[in-house]
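J.: Following this line is coords32.json, made up of JSON, C-alpha atoms and all ligand atoms:
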```json
[["chain", "number", "residue", "atom", "x", "y", "z"],
["A", 1, "MET", "CA", -11.59, 29.40, 5.32],
["A", 2, "ASN", "CA", -8.46, 29.24, 7.51],
["A", 3, "PRO", "CA", -6.03, 26.44, 6.62],
["A", 4, "ILE", "CA", -6.19, 23.35, 8.84],
["A", 5, "PRO", "CA", -3.13, 23.14, 11.16],
["A", 6, "VAL", "CA", -1.64, 19.67, 10.68],
["A", 7, "LEU", "CA", 1.10, 17.69, 12.39],
["A", 8, "LEU", "CA", 2.10, 14.72, 10.22],
["A", 9, "ASP", "CA", 3.66, 11.66, 11.88],
["A", 10, "CYS", "CA", 5.09, 9.42, 9.20],
["A", 11, "ASP", "CA", 7.66, 6.83, 8.06],
["A", 12, "PRO", "CA", 8.70, 8.06, 4.57],
["A", 13, "GLY", "CA", 8.26, 5.84, 2.68],
["A", 14, "HIS", "CA", 7.13, 6.35, -0.93],
["A", 15, "ASP", "CA", 3.49, 7.05, -0.18],
["A", 16, "ASP", "CA", 4.32, 9.10, 2.91],
["A", 17, "ALA", "CA", 6.43, 11.29, 0.61],
["A", 18, "ILE", "CA", 3.43, 11.97, -1.62],
["A", 19, "ALA", "CA", 1.37, 12.76, 1.49],
["A", 20, "ILE", "CA", 3.96, 15.35, 2.57],
["A", 21, "LEU", "CA", 3.91, 16.94, -0.90],
["A", 22, "LEU", "CA", 0.09, 16.92, -1.00],
["A", 23, "ALA", "CA", 0.02, 18.75, 2.32],
["A", 24, "LEU", "CA", 2.61, 21.29, 1.14],
["A", 25, "GLY", "CA", 0.79, 21.89, -2.14],
["A", 26, "SER", "CA", -2.68, 22.39, -0.65],
["A", 27, "PRO", "CA", -3.70, 25.84, 0.61],
["A", 28, "GLN", "CA", -6.34, 24.15, 2.79],
["A", 29, "VAL", "CA", -3.54, 22.66, 4.93],
["A", 30, "ASP", "CA", -0.96, 24.36, 7.15],
["A", 31, "LEU", "CA", 1.72, 21.70, 7.72],
["A", 32, "ILE", "CA", 3.16, 22.97, 11.00],
["A", 33, "GLY", "CA", 5.53, 20.04, 11.47],
["A", 34, "ILE", "CA", 6.58, 16.49, 10.67],
["A", 35, "THR", "CA", 7.53, 13.76, 13.13],
["A", 36, "THR", "CA", 9.08, 10.50, 12.09],
["A", 37, "THR", "CA", 8.92, 6.90, 13.21],
["A", 38, "PHE", "CA", 10.37, 3.52, 12.37],
["A", 39, "GLY", "CA", 8.27, 1.55, 9.89],
["A", 40, "ASN", "CA", 9.11, 1.50, 6.19],
["A", 41, "CYS", "CA", 12.71, 2.03, 7.29],
["A", 42, "SER", "CA", 14.59, 2.97, 10.47],
["A", 43, "VAL", "CA", 13.58, 6.23, 12.16],
["A", 44, "GLY", "CA", 16.98, 7.67, 11.21],
["A", 45, "LYS", "CA", 16.33, 6.99, 7.52],
["A", 46, "ALA", "CA", 12.71, 8.18, 7.83],
["A", 47, "THR", "CA", 13.96, 11.48, 9.27],
["A", 48, "TYR", "CA", 16.57, 11.89, 6.54],
["A", 49, "ASN", "CA", 13.96, 11.04, 3.89],
["A", 50, "ALA", "CA", 11.43, 13.54, 5.24],
["A", 51, "GLN", "CA", 14.07, 16.25, 5.08],
["A", 52, "ARG", "CA", 15.00, 15.28, 1.53],
["A", 53, "ILE", "CA", 11.36, 15.56, 0.45],
["A", 54, "LEU", "CA", 11.20, 19.02, 2.05],
["A", 55, "ALA", "CA", 14.39, 19.97, 0.18],
["A", 56, "LEU", "CA", 12.82, 18.73, -3.07],
["A", 57, "ALA", "CA", 9.78, 20.91, -2.30],
["A", 58, "ARG", "CA", 12.05, 23.86, -1.38],
["A", 59, "ARG", "CA", 10.34, 23.99, 2.04],
["A", 60, "PRO", "CA", 13.24, 23.47, 4.48],
["A", 61, "GLU", "CA", 11.54, 25.65, 7.10],
["A", 62, "VAL", "CA", 9.05, 22.90, 7.98],
["A", 63, "PRO", "CA", 10.41, 21.33, 11.20],
["A", 64, "VAL", "CA", 11.13, 17.60, 11.35],
["A", 65, "ALA", "CA", 11.49, 15.85, 14.72],
["A", 66, "ALA", "CA", 12.67, 12.26, 15.00],
["A", 67, "GLY", "CA", 10.64, 9.80, 17.08],
["A", 68, "ALA", "CA", 10.25, 6.14, 17.90],
["A", 69, "ALA", "CA", 12.87, 3.60, 16.81],
["A", 70, "ALA", "CA", 10.71, 0.69, 17.96],
["A", 71, "PRO", "CA", 7.12, -0.13, 18.99],
["A", 72, "LEU", "CA", 5.77, 0.11, 22.54],
["A", 73, "ALA", "CA", 6.22, -3.65, 22.86],
["A", 74, "GLY", "CA", 8.38, -6.08, 20.91],
["A", 75, "GLU", "CA", 10.84, -5.58, 18.09],
["A", 76, "ALA", "CA", 10.69, -3.09, 15.22],
["A", 77, "HIS", "CA", 9.25, -4.62, 12.02],
["A", 78, "ILE", "CA", 10.76, -2.79, 9.00],
["A", 79, "GLY", "CA", 9.01, -2.61, 5.61],
["A", 80, "ASP", "CA", 12.09, -2.49, 3.43],
["A", 81, "PHE", "CA", 10.71, -5.36, 1.34],
["A", 82, "ILE", "CA", 8.45, -2.73, -0.26],
["A", 83, "HIS", "CA", 10.32, 0.55, 0.17],
["A", 84, "GLY", "CA", 13.92, -0.56, -0.41],
["A", 85, "ALA", "CA", 17.12, -0.13, 1.57],
["A", 86, "THR", "CA", 16.84, 3.67, 1.88],
["A", 87, "GLY", "CA", 13.11, 3.56, 2.60],
["A", 88, "ILE", "CA", 12.52, 5.73, -0.47],
["A", 89, "ASP", "CA", 14.41, 3.92, -3.26],
["A", 90, "GLY", "CA", 13.95, 5.13, -6.84],
["A", 91, "PRO", "CA", 14.43, 8.89, -7.26],
["A", 92, "ASP", "CA", 17.65, 10.85, -6.86],
["A", 93, "LEU", "CA", 16.57, 13.25, -4.11],
["A", 94, "PRO", "CA", 18.41, 16.37, -2.89],
["A", 95, "GLU", "CA", 20.26, 16.43, 0.40],
["A", 96, "PRO", "CA", 18.54, 18.08, 3.40],
["A", 97, "LEU", "CA", 18.68, 21.88, 3.59],
["A", 98, "ALA", "CA", 18.12, 22.06, 7.38],
["A", 99, "ALA", "CA", 18.92, 20.08, 10.52],
["A", 100, "PRO", "CA", 16.20, 18.10, 12.31],
["A", 101, "ASP", "CA", 14.48, 19.76, 15.25],
["A", 102, "ARG", "CA", 16.51, 19.14, 18.41],
["A", 103, "ARG", "CA", 13.41, 17.89, 20.30],
["A", 104, "GLU", "CA", 12.28, 14.26, 20.29],
["A", 105, "ALA", "CA", 9.02, 13.75, 18.40],
["A", 106, "VAL", "CA", 6.71, 13.47, 21.42],
["A", 107, "GLU", "CA", 8.04, 16.67, 22.99],
["A", 108, "PHE", "CA", 7.80, 18.40, 19.61],
["A", 109, "LEU", "CA", 4.19, 17.24, 19.20],
["A", 110, "ARG", "CA", 3.27, 18.27, 22.73],
["A", 111, "ALA", "CA", 4.85, 21.73, 22.46],
["A", 112, "SER", "CA", 3.44, 22.36, 18.97],
["A", 113, "ILE", "CA", -0.10, 21.38, 19.98],
["A", 114, "LEU", "CA", -0.09, 23.47, 23.16],
["A", 115, "ALA", "CA", 1.39, 26.48, 21.35],
["A", 116, "ALA", "CA", -1.10, 26.38, 18.45],
["A", 117, "PRO", "CA", -3.81, 29.08, 18.56],
["A", 118, "HIS", "CA", -6.44, 26.54, 17.41],
["A", 119, "PRO", "CA", -6.88, 22.76, 17.86],
["A", 120, "VAL", "CA", -4.46, 20.80, 15.67],
["A", 121, "THR", "CA", -5.22, 17.84, 13.40],
["A", 122, "VAL", "CA", -2.80, 14.96, 13.91],
["A", 123, "VAL", "CA", -2.27, 12.75, 10.86],
["A", 124, "ALA", "CA", -0.42, 9.44, 11.26],
["A", 125, "THR", "CA", 0.74, 7.46, 8.26],
["A", 126, "GLY", "CA", 3.16, 5.02, 9.90],
["A", 127, "PRO", "CA", 3.17, 2.86, 13.02],
["A", 128, "ILE", "CA", 1.32, 5.13, 15.48],
["A", 129, "THR", "CA", 3.84, 4.81, 18.31],
["A", 130, "ASN", "CA", 4.65, 8.53, 18.67],
["A", 131, "VAL", "CA", 1.00, 9.54, 18.84],
["A", 132, "ALA", "CA", 0.26, 6.84, 21.40],
["A", 133, "ARG", "CA", 3.18, 7.98, 23.56],
["A", 134, "LEU", "CA", 1.91, 11.57, 23.29],
["A", 135, "LEU", "CA", -1.61, 10.65, 24.44],
["A", 136, "ARG", "CA", -0.35, 8.30, 27.19],
["A", 137, "ASP", "CA", 2.26, 10.68, 28.64],
["A", 138, "HIS", "CA", 0.65, 14.06, 27.99],
["A", 139, "PRO", "CA", -3.15, 13.83, 28.40],
["A", 140, "GLU", "CA", -3.25, 17.63, 28.58],
["A", 141, "VAL", "CA", -2.98, 17.76, 24.78],
["A", 142, "GLY", "CA", -6.28, 15.93, 24.22],
["A", 143, "PRO", "CA", -8.56, 18.99, 24.23],
["A", 144, "ARG", "CA", -6.15, 20.71, 21.82],
["A", 145, "ILE", "CA", -6.39, 17.93, 19.20],
["A", 146, "ALA", "CA", -9.17, 18.52, 16.66],
["A", 147, "GLU", "CA", -9.00, 14.93, 15.37],
["A", 148, "ILE", "CA", -6.61, 12.10, 14.58],
["A", 149, "VAL", "CA", -6.66, 10.78, 11.01],
["A", 150, "PHE", "CA", -4.59, 7.64, 10.57],
["A", 151, "MET", "CA", -3.68, 5.34, 7.71],
["A", 152, "GLY", "CA", -3.79, 1.83, 9.06],
["A", 153, "GLY", "CA", -5.80, -1.31, 9.54],
["A", 154, "SER", "CA", -8.48, -2.54, 7.18],
["A", 155, "THR", "CA", -12.12, -3.57, 7.15],
["A", 156, "GLU", "CA", -10.94, -6.63, 5.26],
["A", 157, "ARG", "CA", -7.63, -8.55, 5.03],
["A", 158, "GLY", "CA", -4.15, -7.39, 5.96],
["A", 159, "ASN", "CA", -1.02, -6.93, 3.86],
["A", 160, "THR", "CA", 1.72, -7.85, 6.33],
["A", 161, "THR", "CA", -0.05, -10.94, 7.63],
["A", 162, "PRO", "CA", -3.32, -12.25, 6.19],
["A", 163, "ALA", "CA", -5.03, -10.51, 9.12],
["A", 164, "ALA", "CA", -2.97, -7.37, 9.77],
["A", 165, "GLU", "CA", -2.06, -4.23, 7.86],
["A", 166, "PHE", "CA", 1.55, -3.03, 8.23],
["A", 167, "ASN", "CA", 1.13, 0.08, 10.43],
["A", 168, "ALA", "CA", -1.26, -1.69, 12.80],
["A", 169, "TYR", "CA", 0.90, -4.82, 12.87],
["A", 170, "ALA", "CA", 4.04, -2.79, 13.61],
["A", 171, "ASP", "CA", 2.60, -1.44, 16.88],
["A", 172, "PRO", "CA", -0.85, -2.76, 17.85],
["A", 173, "GLU", "CA", -0.46, -1.62, 21.48],
["A", 174, "ALA", "CA", 0.01, 1.94, 20.21],
["A", 175, "LEU", "CA", -3.05, 1.72, 17.96],
["A", 176, "ASP", "CA", -5.07, 0.38, 20.91],
["A", 177, "ILE", "CA", -4.15, 3.47, 22.96],
["A", 178, "VAL", "CA", -5.31, 5.73, 20.13],
["A", 179, "LEU", "CA", -8.53, 3.79, 19.43],
["A", 180, "THR", "CA", -9.51, 3.88, 23.12],
["A", 181, "SER", "CA", -8.52, 7.54, 23.66],
["A", 182, "GLY", "CA", -12.02, 8.91, 23.19],
["A", 183, "LEU", "CA", -10.68, 11.50, 20.72],
["A", 184, "PRO", "CA", -12.29, 12.07, 17.29],
["A", 185, "ILE", "CA", -10.65, 9.50, 14.99],
["A", 186, "ARG", "CA", -10.86, 8.79, 11.28],
["A", 187, "MET", "CA", -9.40, 5.58, 9.90],
["A", 188, "VAL", "CA", -8.13, 5.14, 6.35],
["A", 189, "GLY", "CA", -7.56, 1.43, 5.96],
["A", 190, "LEU", "CA", -6.39, -0.76, 3.10],
["A", 191, "ASN", "CA", -9.99, -1.21, 2.01],
["A", 192, "LEU", "CA", -9.89, 2.48, 1.05],
["A", 193, "SER", "CA", -6.26, 2.97, 0.04],
["A", 194, "HIS", "CA", -6.30, 0.01, -2.37],
["A", 195, "GLN", "CA", -8.65, 2.16, -4.47],
["A", 196, "ALA", "CA", -5.91, 4.85, -4.78],
["A", 197, "LEU", "CA", -3.84, 3.12, -7.47],
["A", 198, "ALA", "CA", -1.07, 5.05, -9.24],
["A", 199, "THR", "CA", -1.91, 3.75, -12.71],
["A", 200, "ARG", "CA", 0.30, 4.25, -15.77],
["A", 201, "ASP", "CA", -1.80, 7.29, -16.65],
["A", 202, "VAL", "CA", -1.27, 8.84, -13.21],
["A", 203, "VAL", "CA", 2.48, 8.23, -13.35],
["A", 204, "ALA", "CA", 2.62, 9.64, -16.89],
["A", 205, "ARG", "CA", 0.89, 12.82, -15.65],
["A", 206, "MET", "CA", 3.51, 13.11, -12.89],
["A", 207, "ARG", "CA", 6.38, 12.67, -15.34],
["A", 208, "ALA", "CA", 4.84, 15.17, -17.78],
["A", 209, "MET", "CA", 5.14, 17.92, -15.14],
["A", 210, "ASP", "CA", 8.12, 19.95, -16.26],
["A", 211, "HIS", "CA", 9.86, 20.13, -12.85],
["A", 212, "PRO", "CA", 11.90, 17.98, -10.45],
["A", 213, "VAL", "CA", 8.94, 17.30, -8.12],
["A", 214, "GLY", "CA", 6.87, 15.65, -10.84],
["A", 215, "ARG", "CA", 9.82, 13.64, -12.11],
["A", 216, "ALA", "CA", 10.78, 12.51, -8.58],
["A", 217, "CYS", "CA", 7.19, 11.43, -7.87],
["A", 218, "ALA", "CA", 7.11, 9.43, -11.09],
["A", 219, "ASP", "CA", 10.37, 7.75, -10.06],
["A", 220, "LEU", "CA", 8.94, 7.06, -6.59],
["A", 221, "MET", "CA", 5.93, 5.37, -8.17],
["A", 222, "GLY", "CA", 8.18, 3.44, -10.53],
["A", 223, "PHE", "CA", 10.03, 1.76, -7.67],
["A", 224, "PHE", "CA", 6.90, 1.42, -5.49],
["A", 225, "GLY", "CA", 5.02, -0.12, -8.41],
["A", 226, "GLY", "CA", 7.79, -2.63, -9.01],
["A", 227, "THR", "CA", 7.85, -3.95, -5.46],
["A", 228, "TYR", "CA", 4.05, -3.97, -5.21],
["A", 229, "SER", "CA", 3.96, -6.03, -8.40],
["A", 230, "ASP", "CA", 6.66, -8.44, -7.19],
["A", 231, "VAL", "CA", 5.31, -8.89, -3.65],
["A", 232, "PHE", "CA", 1.55, -8.49, -4.03],
["A", 233, "ASP", "CA", 1.02, -8.92, -7.79],
["A", 234, "PHE", "CA", -0.58, -5.45, -8.03],
["A", 235, "ALA", "CA", -0.83, -3.97, -11.54],
["A", 236, "ALA", "CA", -0.36, -0.51, -10.00],
["A", 237, "PRO", "CA", 0.78, 0.59, -6.50],
["A", 238, "PRO", "CA", -1.83, 1.72, -3.94],
["A", 239, "VAL", "CA", -0.77, 5.14, -2.71],
["A", 240, "HIS", "CA", -2.11, 4.78, 0.80],
["A", 241, "ASP", "CA", -0.94, 7.73, 2.87],
["A", 242, "PRO", "CA", -2.07, 10.80, 0.88],
["A", 243, "CYS", "CA", -5.66, 9.59, 1.35],
["A", 244, "THR", "CA", -5.44, 10.91, 4.92],
["A", 245, "ILE", "CA", -4.49, 14.40, 3.78],
["A", 246, "ALA", "CA", -7.06, 14.30, 0.96],
["A", 247, "ALA", "CA", -9.68, 13.51, 3.64],
["A", 248, "LEU", "CA", -8.86, 16.85, 5.28],
["A", 249, "ILE", "CA", -8.89, 18.83, 2.06],
["A", 250, "ASP", "CA", -12.14, 17.39, 0.70],
["A", 251, "PRO", "CA", -14.00, 15.03, 3.10],
["A", 252, "GLY", "CA", -16.53, 14.49, 0.30],
["A", 253, "LEU", "CA", -13.91, 12.51, -1.65],
["A", 254, "ILE", "CA", -14.51, 9.61, 0.72],
["A", 255, "THR", "CA", -17.63, 8.01, 2.19],
["A", 256, "TRP", "CA", -17.38, 7.31, 5.91],
["A", 257, "HIS", "CA", -19.13, 4.99, 8.32],
["A", 258, "LYS", "CA", -19.05, 5.41, 12.12],
["A", 259, "SER", "CA", -18.17, 2.05, 13.64],
["A", 260, "PHE", "CA", -16.72, 0.37, 16.67],
["A", 261, "VAL", "CA", -13.09, -0.45, 15.88],
["A", 262, "ALA", "CA", -10.63, -2.45, 18.00],
["A", 263, "VAL", "CA", -7.18, -3.85, 17.31],
["A", 264, "GLU", "CA", -6.08, -7.35, 18.28],
["A", 265, "THR", "CA", -2.96, -7.36, 20.47],
["A", 266, "GLU", "CA", -2.94, -11.00, 21.61],
["A", 267, "GLY", "CA", -4.03, -13.29, 18.77],
["A", 268, "ARG", "CA", -1.49, -15.92, 17.79],
["A", 269, "TRP", "CA", -2.38, -15.52, 14.09],
["A", 270, "THR", "CA", -4.27, -12.23, 14.24],
["A", 271, "ARG", "CA", -2.03, -9.79, 16.17],
["A", 272, "GLY", "CA", -2.43, -6.33, 14.60],
["A", 273, "ALA", "CA", -5.78, -7.12, 12.95],
["A", 274, "THR", "CA", -8.33, -4.30, 13.12],
["A", 275, "VAL", "CA", -11.81, -5.49, 14.00],
["A", 276, "VAL", "CA", -14.23, -3.07, 12.30],
["A", 277, "ASP", "CA", -17.82, -3.66, 13.43],
["A", 278, "LEU", "CA", -19.56, -2.08, 10.43],
["A", 279, "HIS", "CA", -22.92, -3.65, 11.31],
["A", 280, "GLY", "CA", -22.87, -3.13, 15.08],
["A", 281, "ARG", "CA", -22.82, -6.84, 15.89],
["A", 282, "LEU", "CA", -20.68, -6.34, 19.03],
["A", 283, "ASP", "CA", -23.07, -3.81, 20.55],
["A", 284, "ARG", "CA", -20.18, -1.48, 21.37],
["A", 285, "PRO", "CA", -20.36, 2.32, 20.98],
["A", 286, "PRO", "CA", -18.82, 3.47, 17.69],
["A", 287, "ASN", "CA", -15.42, 5.17, 18.22],
["A", 288, "VAL", "CA", -14.07, 5.68, 14.69],
["A", 289, "GLU", "CA", -15.21, 7.15, 11.35],
["A", 290, "VAL", "CA", -14.08, 4.46, 8.90],
["A", 291, "ALA", "CA", -13.30, 5.33, 5.27],
["A", 292, "LEU", "CA", -15.16, 3.11, 2.81],
["A", 293, "THR", "CA", -15.16, 4.46, -0.77],
["A", 294, "LEU", "CA", -12.91, 6.88, -2.65],
["A", 295, "ASP", "CA", -13.75, 9.17, -5.57],
["A", 296, "VAL", "CA", -10.65, 8.03, -7.44],
["A", 297, "ASP", "CA", -10.65, 10.58, -10.27],
["A", 298, "ALA", "CA", -11.18, 13.48, -7.87],
["A", 299, "TYR", "CA", -8.45, 12.10, -5.57],
["A", 300, "TRP", "CA", -5.86, 12.04, -8.34],
["A", 301, "ARG", "CA", -6.91, 15.49, -9.61],
["A", 302, "LEU", "CA", -6.35, 16.81, -6.07],
["A", 303, "VAL", "CA", -2.98, 15.07, -5.66],
["A", 304, "LEU", "CA", -1.60, 15.92, -9.10],
["A", 305, "ASP", "CA", -2.67, 19.57, -8.86],
["A", 306, "ALA", "CA", -0.92, 19.83, -5.49],
["A", 307, "LEU", "CA", 2.27, 18.19, -6.78],
["A", 308, "ASP", "CA", 2.31, 20.64, -9.69],
["A", 309, "ARG", "CA", 1.86, 23.60, -7.34],
["A", 310, "VAL", "CA", 4.76, 22.43, -5.18],
["A", 311, "GLY", "CA", 7.01, 21.91, -8.19],
["A", 312, "SER", "CA", 6.17, 25.07, -10.12],
["B", 1, "LIG", "O1", 0.15, -0.71, 4.89],
["B", 1, "LIG", "C1", 0.44, 0.50, 4.25],
["B", 1, "LIG", "C2", 1.13, 1.44, 5.18],
["B", 1, "LIG", "O2", 2.37, 0.88, 5.62],
["B", 1, "LIG", "C3", 1.52, 2.78, 4.51],
["B", 1, "LIG", "O3", 1.50, 3.80, 5.46],
["B", 1, "LIG", "C4", 2.92, 2.54, 4.06],
["B", 1, "LIG", "O4", 3.69, 3.75, 3.95],
["B", 1, "LIG", "C5", 3.45, 1.69, 5.18],
["B", 1, "LIG", "O5", 3.83, 2.56, 6.24],
["B", 2, "CA", "CA", 3.54, 5.15, 5.80]]
```
Turn the structure described in the file into structure tokens.
Ligand code: RIB
Ligand code: CA

T.:
Amino acid sequence: MNPIPVLLDCDPGHDDAIAILLALGSPQVDLIGITTTFGNCSVGKATYNAQRILALARRPEVPVAAGAAAPLAGEAHIGDFIHGATGIDGPDLPEPLAAPDRREAVEFLRASILAAPHPVTVVATGPITNVARLLRDHPEVGPRIAEIVFMGGSTERGNTTPAAEFNAYADPEALDIVLTSGLPIRMVGLNLSHQALATRDVVARMRAMDHPVGRACADLMGFFGGTYSDVFDFAAPPVHDPCTIAALIDPGLITWHKSFVAVETEGRWTRGATVVDLHGRLDRPPNVEVALTLDVDAYWRLVLDALDRVGS
């Protein structure tokens, strides 16, 4: 089977970093480019971090294009309370081995999608501002997008406010554009990603890999686990973003439910909340495949095998 062409829009970010490595270490995926956005840190830091992860993976040829510094409306909300001052605190990562692509993220996405011989899968693991700008300003790309898989929202509570998950909260107007685009969409929310916990055993298996990638990932999880314990009282950190890539590699890892999904953009207390109508109570046509359950053991086998391939 031909590898799936993927453009990854992200805000690395500890879990975004694992998603990048999972994509690089999986023959089922052809990572044709990375675009970056504000979110866990500034877009400048996210770009620098993406390039450092590519240097760690010895894959400097993968292009990185910098994108949005702020949401479509309002101020940028930065998640440094979880990811630290650099956005990827913990490991000692190598310096970049290449310069960022000279194009801004939306132009890079547009050109890459239109130049691809087959429809491209767009994966978003940060505030979805770049993807929204792409769909709003360049509708011609729509038929060339196989699907959009995004990490964001939740069928339950939020993590940034009681109602809203971070990526959705950071740019709800952007998520609304994507949810109403009519394109095939899969949503990996907190209800799913909170099943993907990097337990002590998982981190030990990373550290036992006899190469810098495994050790760096263990250090990433060490810092991520510390802040998740301090802020959310989690015994182990939920590694959200690689669940999107895993969904491409093995859709059977996750159970899905087609639902109507909307995002609140106006609620005083609920801005950024995703409304997931699992039982069809709103009588609206379903627009999103929503991830519900994760085969946790299979997920970690997939991720750890990929990390070991990248590092070996
Ligand atoms: O709420 C979790 C999401 O916000 C993840 O994508 C994490 O990297 C942060 O961006
Ligand atoms: Ca992210």

J.: Around (-8.7, 6.4, 22.1) in the file's own coordinates, what residues are found within 12 Å if you use all atoms listed in the file, given back as a PyMOL selection string?

T.: chain A and resi 131-132+134-136+139+142+147-148+173-186+260-263+286-288

J.: Quick one: what's the axis-aligned box for range 40-58 of chain A, all listed atoms, 8 Å on every side, centre and edges in Å to one decimal, as JSON?

T.:
```
{"center_x": 13.0, "center_y": 12.7, "center_z": 4.5, "size_x": 23.9, "size_y": 38.4, "size_z": 31.2}
```

J.: Tell me, counting only C-alpha atoms and all ligand atoms, for each residue of chain A within 7 Å of ligand LIG 1 (chain B), which pair of atoms is nearest and how far apart they are in Å to one decimal, in rows ordered by chain and increasing number, as CSV.

T.:
```
residue,atom,partner,partner_atom,distance
A:Asp11,CA,B:LIG1,O5,6.0
A:Pro12,CA,B:LIG1,O4,6.6
A:Gly13,CA,B:LIG1,O4,5.2
A:His14,CA,B:LIG1,O4,6.5
A:Asp15,CA,B:LIG1,O4,5.3
A:Asp16,CA,B:LIG1,O4,5.5
A:Gly39,CA,B:LIG1,O5,5.8
A:Asn40,CA,B:LIG1,O5,5.4
A:Thr125,CA,B:LIG1,O3,4.7
A:Gly126,CA,B:LIG1,O5,4.5
A:Pro127,CA,B:LIG1,O5,6.8
A:Met151,CA,B:LIG1,O3,5.9
A:Gly152,CA,B:LIG1,O1,6.3
A:Asn159,CA,B:LIG1,O1,6.4
A:Glu165,CA,B:LIG1,O1,5.1
A:Phe166,CA,B:LIG1,O1,4.3
A:Asn167,CA,B:LIG1,O2,5.0
A:Leu190,CA,B:LIG1,O1,6.8
A:His240,CA,B:LIG1,C3,5.6
A:Asp241,CA,B:LIG1,O3,5.3
```

J.: Residues at most 6 Å from range 236-238 of chain A, counting only C-alpha atoms, excluding those fewer than 2 positions away in the same chain, as number ranges by chain?

T.: A: 194, 196-199, 225, 228, 234, 240

J.: Please measure the separation of CA of His118 in chain A and CA of Asp30 in chain A, giving the value in Å to one decimal.

T.: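 The value is 11.8 Å.
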
J.: Pick the closest to Val188 in chain A from A:Ala208, A:Val290, A:Ile78, A:Ile128: which is it, counting only C-alpha atoms?

T.: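 Closest to Val188 in chain A of all the choices is A:Val290.
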
J.: For range 37-48 of chain A, supply N, CA and C atoms and format the output as a short mmCIF file (atom, residue, chain, number, x, y, z; two decimals), in the coordinates of the input.

T.:
```cif
data_model
loop_
_atom_site.label_atom_id
_atom_site.label_comp_id
_atom_site.auth_asym_id
_atom_site.auth_seq_id
_atom_site.Cartn_x
_atom_site.Cartn_y
_atom_site.Cartn_z
N THR A 37 8.94 8.14 12.44
CA THR A 37 8.92 6.90 13.21
C THR A 37 9.55 5.79 12.39
N PHE A 38 9.98 4.74 13.08
CA PHE A 38 10.37 3.52 12.37
C PHE A 38 9.14 3.03 11.59
N GLY A 39 9.38 2.16 10.63
CA GLY A 39 8.27 1.55 9.89
C GLY A 39 8.76 1.06 8.54
N ASN A 40 8.61 1.89 7.52
CA ASN A 40 9.11 1.50 6.19
C ASN A 40 10.63 1.37 6.17
N CYS A 41 11.24 2.05 7.15
CA CYS A 41 12.71 2.03 7.29
C CYS A 41 13.01 2.41 8.74
N SER A 42 14.26 2.53 9.10
CA SER A 42 14.59 2.97 10.47
C SER A 42 14.14 4.41 10.65
N VAL A 43 14.02 4.84 11.91
CA VAL A 43 13.58 6.23 12.16
C VAL A 43 14.65 7.21 11.67
N GLY A 44 15.91 6.80 11.72
CA GLY A 44 16.98 7.67 11.21
C GLY A 44 16.81 7.92 9.72
N LYS A 45 16.53 6.85 8.96
CA LYS A 45 16.33 6.99 7.52
C LYS A 45 15.03 7.75 7.24
N ALA A 46 13.99 7.49 8.04
CA ALA A 46 12.71 8.18 7.83
C ALA A 46 12.89 9.69 8.02
N THR A 47 13.70 10.07 9.01
CA THR A 47 13.96 11.48 9.27
C THR A 47 14.72 12.12 8.11
N TYR A 48 15.76 11.42 7.69
CA TYR A 48 16.57 11.89 6.54
C TYR A 48 15.69 12.01 5.29
#
```
